[in-house]
file work-v7.pdb (PDB, C-alpha atoms)
ATOM      1  CA  MET U 268      43.102 -89.758 315.220  1.00  0.00           C
ATOM      2  CA  LYS U 269      45.865 -87.204 314.812  1.00  0.00           C
ATOM      3  CA  THR U 270      44.843 -86.683 311.178  1.00  0.00           C
ATOM      4  CA  ARG U 271      41.298 -85.870 312.162  1.00  0.00           C
ATOM      5  CA  SER U 272      42.299 -83.328 314.856  1.00  0.00           C
ATOM      6  CA  ALA U 273      44.853 -81.692 312.562  1.00  0.00           C
ATOM      7  CA  GLY U 274      42.179 -81.318 309.856  1.00  0.00           C
ATOM      8  CA  ALA U 275      39.696 -79.857 312.333  1.00  0.00           C
ATOM      9  CA  LEU U 276      42.340 -77.472 313.608  1.00  0.00           C
ATOM     10  CA  ARG U 277      43.235 -76.435 310.057  1.00  0.00           C
ATOM     11  CA  PHE U 278      39.608 -75.541 309.243  1.00  0.00           C
ATOM     12  CA  GLY U 279      38.490 -74.534 312.725  1.00  0.00           C
ATOM     13  CA  LEU U 280      41.245 -72.025 313.412  1.00  0.00           C
ATOM     14  CA  PRO U 281      40.371 -69.635 310.520  1.00  0.00           C
ATOM     15  CA  VAL U 282      36.701 -69.801 311.493  1.00  0.00           C
ATOM     16  CA  LEU U 283      37.598 -69.037 315.106  1.00  0.00           C
ATOM     17  CA  VAL U 284      39.827 -66.117 314.051  1.00  0.00           C
ATOM     18  CA  ALA U 285      37.107 -64.726 311.769  1.00  0.00           C
ATOM     19  CA  ALA U 286      34.510 -64.996 314.544  1.00  0.00           C
ATOM     20  CA  ALA U 287      36.817 -63.255 317.000  1.00  0.00           C
ATOM     21  CA  ALA U 288      37.486 -60.472 314.500  1.00  0.00           C
ATOM     22  CA  MET U 289      33.770 -59.963 313.950  1.00  0.00           C
ATOM     23  CA  LEU U 290      33.176 -59.898 317.697  1.00  0.00           C
ATOM     24  CA  VAL U 291      35.910 -57.315 318.275  1.00  0.00           C
ATOM     25  CA  GLY U 292      34.723 -55.239 315.302  1.00  0.00           C
ATOM     26  CA  GLY U 293      31.155 -55.335 316.569  1.00  0.00           C
ATOM     27  CA  CYS U 294      32.184 -54.114 319.994  1.00  0.00           C
ATOM     28  CA  ALA U 295      34.246 -51.233 318.674  1.00  0.00           C
ATOM     29  CA  SER U 296      32.186 -48.086 318.916  1.00  0.00           C
ATOM     30  CA  THR U 297      32.324 -44.671 317.342  1.00  0.00           C
ATOM     31  CA  PRO U 298      34.694 -42.435 319.304  1.00  0.00           C
ATOM     32  CA  ALA U 299      33.185 -39.580 321.265  1.00  0.00           C
ATOM     33  CA  PRO U 300      33.162 -36.397 319.157  1.00  0.00           C
ATOM     34  CA  VAL U 301      34.794 -34.314 321.875  1.00  0.00           C
ATOM     35  CA  GLU U 302      36.718 -32.114 319.434  1.00  0.00           C
ATOM     36  CA  GLN U 303      33.656 -31.489 317.234  1.00  0.00           C
ATOM     37  CA  LEU U 304      31.634 -30.545 320.305  1.00  0.00           C
ATOM     38  CA  ALA U 305      34.326 -28.069 321.366  1.00  0.00           C
ATOM     39  CA  VAL U 306      34.475 -26.545 317.867  1.00  0.00           C
ATOM     40  CA  SER U 307      30.691 -26.230 317.763  1.00  0.00           C
ATOM     41  CA  THR U 308      30.548 -24.681 321.227  1.00  0.00           C
ATOM     42  CA  ALA U 309      33.166 -22.131 320.162  1.00  0.00           C
ATOM     43  CA  ALA U 310      31.225 -21.378 316.952  1.00  0.00           C
ATOM     44  CA  VAL U 311      28.037 -20.716 318.930  1.00  0.00           C
ATOM     45  CA  GLY U 312      29.998 -18.445 321.269  1.00  0.00           C
ATOM     46  CA  ARG U 313      31.534 -16.503 318.371  1.00  0.00           C
ATOM     47  CA  ALA U 314      28.149 -16.086 316.722  1.00  0.00           C
ATOM     48  CA  GLY U 315      26.687 -14.770 319.969  1.00  0.00           C
ATOM     49  CA  SER U 316      29.576 -12.328 320.392  1.00  0.00           C
ATOM     50  CA  ALA U 317      29.108 -11.150 316.809  1.00  0.00           C
ATOM     51  CA  GLY U 318      25.523 -10.190 317.592  1.00  0.00           C
ATOM     52  CA  GLY U 319      23.865 -13.315 316.254  1.00  0.00           C
ATOM     53  CA  SER U 320      21.199 -13.299 318.956  1.00  0.00           C
ATOM     54  CA  GLU U 321      19.982  -9.876 317.831  1.00  0.00           C
ATOM     55  CA  MET U 322      20.695 -10.032 314.101  1.00  0.00           C
ATOM     56  CA  ALA U 323      19.948 -13.717 313.373  1.00  0.00           C
ATOM     57  CA  PRO U 324      17.815 -14.977 316.265  1.00  0.00           C
ATOM     58  CA  ALA U 325      16.300 -17.970 314.437  1.00  0.00           C
ATOM     59  CA  GLU U 326      19.690 -19.321 313.402  1.00  0.00           C
ATOM     60  CA  MET U 327      21.104 -18.775 316.887  1.00  0.00           C
ATOM     61  CA  GLN U 328      18.135 -20.582 318.427  1.00  0.00           C
ATOM     62  CA  MET U 329      18.637 -23.547 316.087  1.00  0.00           C
ATOM     63  CA  ALA U 330      22.375 -23.615 316.807  1.00  0.00           C
ATOM     64  CA  ARG U 331      21.804 -23.604 320.563  1.00  0.00           C
ATOM     65  CA  GLU U 332      19.115 -26.290 320.359  1.00  0.00           C
ATOM     66  CA  LYS U 333      21.296 -28.557 318.228  1.00  0.00           C
ATOM     67  CA  LEU U 334      24.264 -28.015 320.523  1.00  0.00           C
ATOM     68  CA  ASP U 335      22.048 -29.010 323.456  1.00  0.00           C
ATOM     69  CA  LEU U 336      20.926 -32.124 321.550  1.00  0.00           C
ATOM     70  CA  ALA U 337      24.574 -32.960 320.863  1.00  0.00           C
ATOM     71  CA  LYS U 338      25.422 -32.670 324.558  1.00  0.00           C
ATOM     72  CA  ARG U 339      22.474 -34.885 325.484  1.00  0.00           C
ATOM     73  CA  ALA U 340      23.543 -37.461 322.899  1.00  0.00           C
ATOM     74  CA  MET U 341      27.057 -37.419 324.376  1.00  0.00           C
ATOM     75  CA  VAL U 342      25.665 -38.170 327.832  1.00  0.00           C
ATOM     76  CA  SER U 343      23.661 -41.092 326.449  1.00  0.00           C
ATOM     77  CA  GLU U 344      26.774 -42.191 324.484  1.00  0.00           C
ATOM     78  CA  ASP U 345      25.026 -41.896 321.111  1.00  0.00           C
ATOM     79  CA  PHE U 346      28.185 -40.557 319.530  1.00  0.00           C
ATOM     80  CA  ASP U 347      26.973 -40.672 315.917  1.00  0.00           C
ATOM     81  CA  SER U 348      23.999 -38.445 316.770  1.00  0.00           C
ATOM     82  CA  ALA U 349      26.197 -36.238 318.951  1.00  0.00           C
ATOM     83  CA  ARG U 350      28.603 -35.657 316.056  1.00  0.00           C
ATOM     84  CA  ARG U 351      25.774 -34.962 313.608  1.00  0.00           C
ATOM     85  CA  PHE U 352      24.013 -32.499 315.935  1.00  0.00           C
ATOM     86  CA  ALA U 353      27.307 -30.785 316.793  1.00  0.00           C
ATOM     87  CA  GLN U 354      28.138 -30.343 313.108  1.00  0.00           C
ATOM     88  CA  GLN U 355      24.680 -28.946 312.421  1.00  0.00           C
ATOM     89  CA  ALA U 356      25.024 -26.571 315.382  1.00  0.00           C
ATOM     90  CA  GLN U 357      28.351 -25.371 314.005  1.00  0.00           C
ATOM     91  CA  VAL U 358      26.862 -24.668 310.572  1.00  0.00           C
ATOM     92  CA  ASP U 359      23.851 -22.860 312.076  1.00  0.00           C
ATOM     93  CA  ALA U 360      26.167 -20.774 314.260  1.00  0.00           C
ATOM     94  CA  GLN U 361      28.360 -19.896 311.284  1.00  0.00           C
ATOM     95  CA  LEU U 362      25.270 -18.813 309.355  1.00  0.00           C
ATOM     96  CA  ALA U 363      24.124 -16.658 312.286  1.00  0.00           C
ATOM     97  CA  GLU U 364      27.572 -15.075 312.524  1.00  0.00           C
ATOM     98  CA  ALA U 365      27.680 -14.390 308.773  1.00  0.00           C
ATOM     99  CA  LYS U 366      24.195 -12.858 308.817  1.00  0.00           C
ATOM    100  CA  SER U 367      25.119 -10.704 311.791  1.00  0.00           C
ATOM    101  CA  ARG U 368      28.296  -9.452 310.139  1.00  0.00           C
ATOM    102  CA  SER U 369      26.359  -8.821 306.919  1.00  0.00           C
ATOM    103  CA  VAL U 370      23.717  -6.762 308.731  1.00  0.00           C
ATOM    104  CA  LYS U 371      26.436  -4.758 310.505  1.00  0.00           C
ATOM    105  CA  ALA U 372      28.262  -4.142 307.209  1.00  0.00           C
ATOM    106  CA  ARG U 373      25.030  -3.063 305.542  1.00  0.00           C
ATOM    107  CA  LYS U 374      24.311  -0.620 308.390  1.00  0.00           C
ATOM    108  CA  ALA U 375      27.823   0.790 308.147  1.00  0.00           C
ATOM    109  CA  ALA U 376      27.451   1.207 304.381  1.00  0.00           C
ATOM    110  CA  ASP U 377      24.090   2.948 304.870  1.00  0.00           C
ATOM    111  CA  GLU U 378      25.659   5.321 307.399  1.00  0.00           C
ATOM    112  CA  LEU U 379      28.470   6.110 304.974  1.00  0.00           C
ATOM    113  CA  GLN U 380      25.983   6.779 302.200  1.00  0.00           C
ATOM    114  CA  GLU U 381      24.045   9.098 304.494  1.00  0.00           C
ATOM    115  CA  GLY U 382      27.255  10.907 305.413  1.00  0.00           C
ATOM    116  CA  ILE U 383      28.100  11.336 301.750  1.00  0.00           C
ATOM    117  CA  ARG U 384      24.607  12.679 301.045  1.00  0.00           C
ATOM    118  CA  VAL U 385      24.900  15.238 303.853  1.00  0.00           C
ATOM    119  CA  LEU U 386      28.329  16.357 302.645  1.00  0.00           C
ATOM    120  CA  ARG U 387      27.018  16.800 299.106  1.00  0.00           C
ATOM    121  CA  GLU U 388      24.132  18.942 300.388  1.00  0.00           C
ATOM    122  CA  GLU U 389      26.560  21.130 302.335  1.00  0.00           C
ATOM    123  CA  LEU U 390      28.823  21.493 299.326  1.00  0.00           C
ATOM    124  CA  GLY U 391      25.821  22.391 297.205  1.00  0.00           C
ATOM    125  CA  ARG U 392      24.815  25.158 299.623  1.00  0.00           C
ATOM    126  CA  LYS U 393      28.314  26.603 299.797  1.00  0.00           C
ATOM    127  CA  ASN U 394      28.658  26.712 296.003  1.00  0.00           C
ATOM    128  CA  LYS U 395      25.426  28.689 295.532  1.00  0.00           C
TER
END

call {"tool": "encode", "arguments": {"input": "work-v7.pdb", "output": "structure tokens"}}
result
Amino acid sequence: MKTRSAGALRFGLPVLVAAAAMLVGGCASTPAPVEQLAVSTAAVGRAGSAGGSEMAPAEMQMAREKLDLAKRAMVSEDFDSARRFAQQAQVDAQLAEAKSRSVKARKAADELQEGIRVLREELGRKNK
């Protein structure tokens, strides 16, 4: 009788350990993307401060919508979706910020060109 129980224990124990490992692994969930959400929120804020709402309104709208979706997914504990939406919001916000800075740089360059043109006209008049 001892031989039979020792054999069952020898084969049953690894099966029990494997089942327990699968159960624990199945219960482990994706961690909440708290840091990613904070980074994305900051990116949307920076883009807004850089003039993204005026210079890149479509990108800002998408960034805000995706950030809202990320927050909703966090509340419902769908952390994979929350992370994905937060990352997308961050990218959209970075695009809005880059477009805004590009538009501002282009305007500044245009103003400089206009200033140069005016100075050349004045110099031309004085030399006549």

call {"tool": "closest_residue", "arguments": {"input": "work-v7.pdb", "among": "U:Ala349, U:Ala356, U:Val370, U:Ala323", "to": "Pro298 in chain U", "atoms": "all atoms listed in the file"}}
result
U:Ala349

call {"tool": "residues_near_point", "arguments": {"input": "work-v7.pdb", "point": "(24.0, -33.5, 317.3)", "cutoff": "9 Å", "atoms": "all atoms listed in the file", "output": "list in words"}}
result
Leu304, Lys333, Leu334, Asp335, Leu336, Ala337, Lys338, Arg339, Ala340, Met341, Phe346, Asp347, Ser348, Ala349, Arg350, Arg351, Phe352, Ala353, Gln354, Gln355 and Ala356 of chain U

call {"tool": "atom_distance", "arguments": {"input": "work-v7.pdb", "atom1": "CA of Gly391 in chain U", "atom2": "CA of Arg373 in chain U"}}
result
26.8 Å

call {"tool": "resolve_selection", "arguments": {"input": "work-v7.pdb", "expression": "the PyMOL selection byres ((chain U and resi 359) around 7)", "output": "ChimeraX atom specification"}}
result
/U:326-327,329-330,355-358,360-363

call {"tool": "write_last_selection", "arguments": {"input": "work-v7.pdb", "atoms": "C-alpha atoms", "output": "JSON list (two decimals), in the coordinates of the input"}}
result
[["chain", "number", "residue", "atom", "x", "y", "z"],
["U", 326, "GLU", "CA", 19.69, -19.32, 313.40],
["U", 327, "MET", "CA", 21.10, -18.77, 316.89],
["U", 329, "MET", "CA", 18.64, -23.55, 316.09],
["U", 330, "ALA", "CA", 22.38, -23.62, 316.81],
["U", 355, "GLN", "CA", 24.68, -28.95, 312.42],
["U", 356, "ALA", "CA", 25.02, -26.57, 315.38],
["U", 357, "GLN", "CA", 28.35, -25.37, 314.00],
["U", 358, "VAL", "CA", 26.86, -24.67, 310.57],
["U", 360, "ALA", "CA", 26.17, -20.77, 314.26],
["U", 361, "GLN", "CA", 28.36, -19.90, 311.28],
["U", 362, "LEU", "CA", 25.27, -18.81, 309.36],
["U", 363, "ALA", "CA", 24.12, -16.66, 312.29]]

call {"tool": "atom_distance", "arguments": {"input": "work-v7.pdb", "atom1": "CA of Met322 in chain U", "atom2": "CA of Val306 in chain U"}}
result
21.8 Å

call {"tool": "atom_distance", "arguments": {"input": "work-v7.pdb", "atom1": "CA of Ala375 in chain U", "atom2": "CA of Val311 in chain U"}}
result
24.1 Å

call {"tool": "residues_near_point", "arguments": {"input": "work-v7.pdb", "point": "(32.0, -17.7, 316.7)", "cutoff": "10 Å", "atoms": "all atoms listed in the file", "output": "ChimeraX atom specification"}}
result
/U:306-319,357,360-361,363-365
